[in-house]
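Visitor: Sharing a structure, written as structure tokens. Questions coming.
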Amino acid sequence: MQEDIQPLLGKLSSLKTEIGQVITGQEAVVDQLLIVFMAGGHALLEGVPGLAKTLMIQTLANATELSFKRIQFTPDLMPADIIGTEVLQEDKATGKRTFKFNKGPVFANIVLADEINRTPPKTQAALLEAMQERAISYAGQTYPLDRPFFILATQNPIEQAGTFPLPEAQLDRFMLFIKIGYPSEAEEKQILKNTTGNLQPKVKSVLSGSDIKQLQSLVRDVHFNDDLLDWVNRLVRATRPKMTTVEQVKSHVQWGAGPRAGQSIILAAKAQALLVGRFSATADDLRKVIPPALRHRILLNFKAEAEGIHADDVIASLLEQIALPAAEF
């Protein structure tokens, strides 16, 4: 089996190479995006303006053979601008008028929801059914979306002016919440050099839709030890104030994570293992994916906000107190 899929895993390496022609550094962020692709989820990227969030997603789309649409979220964006709308058409031969559904930009394999928190929650919610059911309902009809289907959303930090926090129900539908920081000094120098000349790299398509579907199937076949499964279950349940013994959670968390968090952690850990060519997930794989899989699913209370406590602080406390199994798998 392993020998049969090595060419497929090699395409992942080629994909990272193509992205690296345009994006300097940010290897961990690119790996997390690939994990989302392999696990069949959606991703939310957050960072201050100018950190190439949009460019990274566009480059990833260009390096695949998937259809791609970008939706620029603004305060006046309406749900119909995302999912589409019905228009009245007349048959010139018969004079009969009928309604036809014109599909919106959500009907693509990769949908970039750019600056998703610049639009009010009513419009944000237009993506809920698409993210969960991979379908759109309109006027009593259900329209399936093409597979594979990914929502890759970017947002500015919520402290910035003109932003609307995403509803908890929508946040929970993102497999990973990826935070992008500033580049290192050397990386920033290289960015300045690469982006101020005439040389523009050309990105080749190296991964097809069928390749991604095959990878998604392989991820679910990756072995996940029962001891690690029990530990993930304990960890997620420990994020809930009424079920936990972790004082940080009792003091600073209003609502904890639901079952979808455990599903995301396990699938992401399996994808992380396969990304490096392993067919069994380990505790190290879990450590890498838990922060982006949990940080948006833990709702902090006013006390945490007043004390400057963040979700990542709570996650660190959880990982300290909910001990991993003694054996490494």
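By convention in this document, the chains of the structure tokens carry letters A, B, ... by their order, each chain's residues are numbered from 1, and ligands are numbered from 1 in the order they are shown.
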Could you pull out the alpha helix (DSSP H) residues of stretch 34-234 of chain A from DSSP and send them as a ChimeraX atom specification?
Guide: /A:34-39,53-62,80-83,121-124,128-133,168-171,185-195,209-221,226-234
Visitor: Give me, as a PyMOL selection string, all polymer residues having an atom no more than 12 Å from A:Thr142, counting only C-alpha atoms and skipping those fewer than 4 positions away in the same chain.
Guide: chain A and resi 83+101+103+129-130+133-138
Visitor: Can you pull out every residue within 8 Å of A:Asn156, counting only C-alpha atoms, but drop anything in the same chain fewer than 2 positions away, and send it as a compact mmCIF listing (two decimals) with C-alpha atoms, in the first residue's frame?
Guide:
```
# COMPACT_ATOMS: atom_id res chain seq x y z
CA GLU A 46 -6.26 35.35 10.77
CA GLY A 47 -3.53 37.95 10.61
CA VAL A 48 -3.02 41.66 10.29
CA PRO A 49 -3.26 43.13 6.76
CA GLU A 115 -12.08 39.30 5.07
CA ASN A 117 -15.57 39.32 9.32
CA THR A 154 -9.43 35.14 5.92
CA ILE A 158 -11.43 41.34 15.65
CA GLN A 160 -9.70 46.18 14.28
CA THR A 163 -15.18 43.88 11.98
```
Visitor: From a backbone DSSP assignment, name each residue in stretch 26-245 of chain A labelled strand (DSSP E), as JSON, numbers by chain.
Guide: {"A": [43, 44, 45, 46, 68, 69, 70, 71, 72, 84, 85, 86, 87, 88, 89, 90, 97, 98, 99, 100, 101, 102, 103, 110, 111, 112, 113, 114, 135, 136, 137, 138, 141, 142, 143, 144, 150, 151, 152, 153, 154, 155, 176, 177, 178, 179]}
Visitor: Give the answer as one residue: which of A:Phe107, A:Tyr143, A:Phe177, A:Trp231 has the shortest atom-to-atom distance to A:Val29, using only C-alpha atoms?
Guide: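 For A:Val29, the nearest of the given residues is A:Phe177.
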Visitor: Just checking: using only C-alpha atoms, which residue out of A:Val203, A:Leu66, A:Ile309, A:Ala323 ends up closest to A:Lys16?
Guide: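 Under the stated criterion, the closest residue is A:Val203.
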Visitor: Show which residues sit within 12 Å of A:Glu27, as number ranges by chain. Count only C-alpha atoms, and ignore same-chain residues fewer than 2 positions away.
Guide: A: 13, 16-17, 19-20, 23-25, 29-34, 56, 180-181, 183, 187
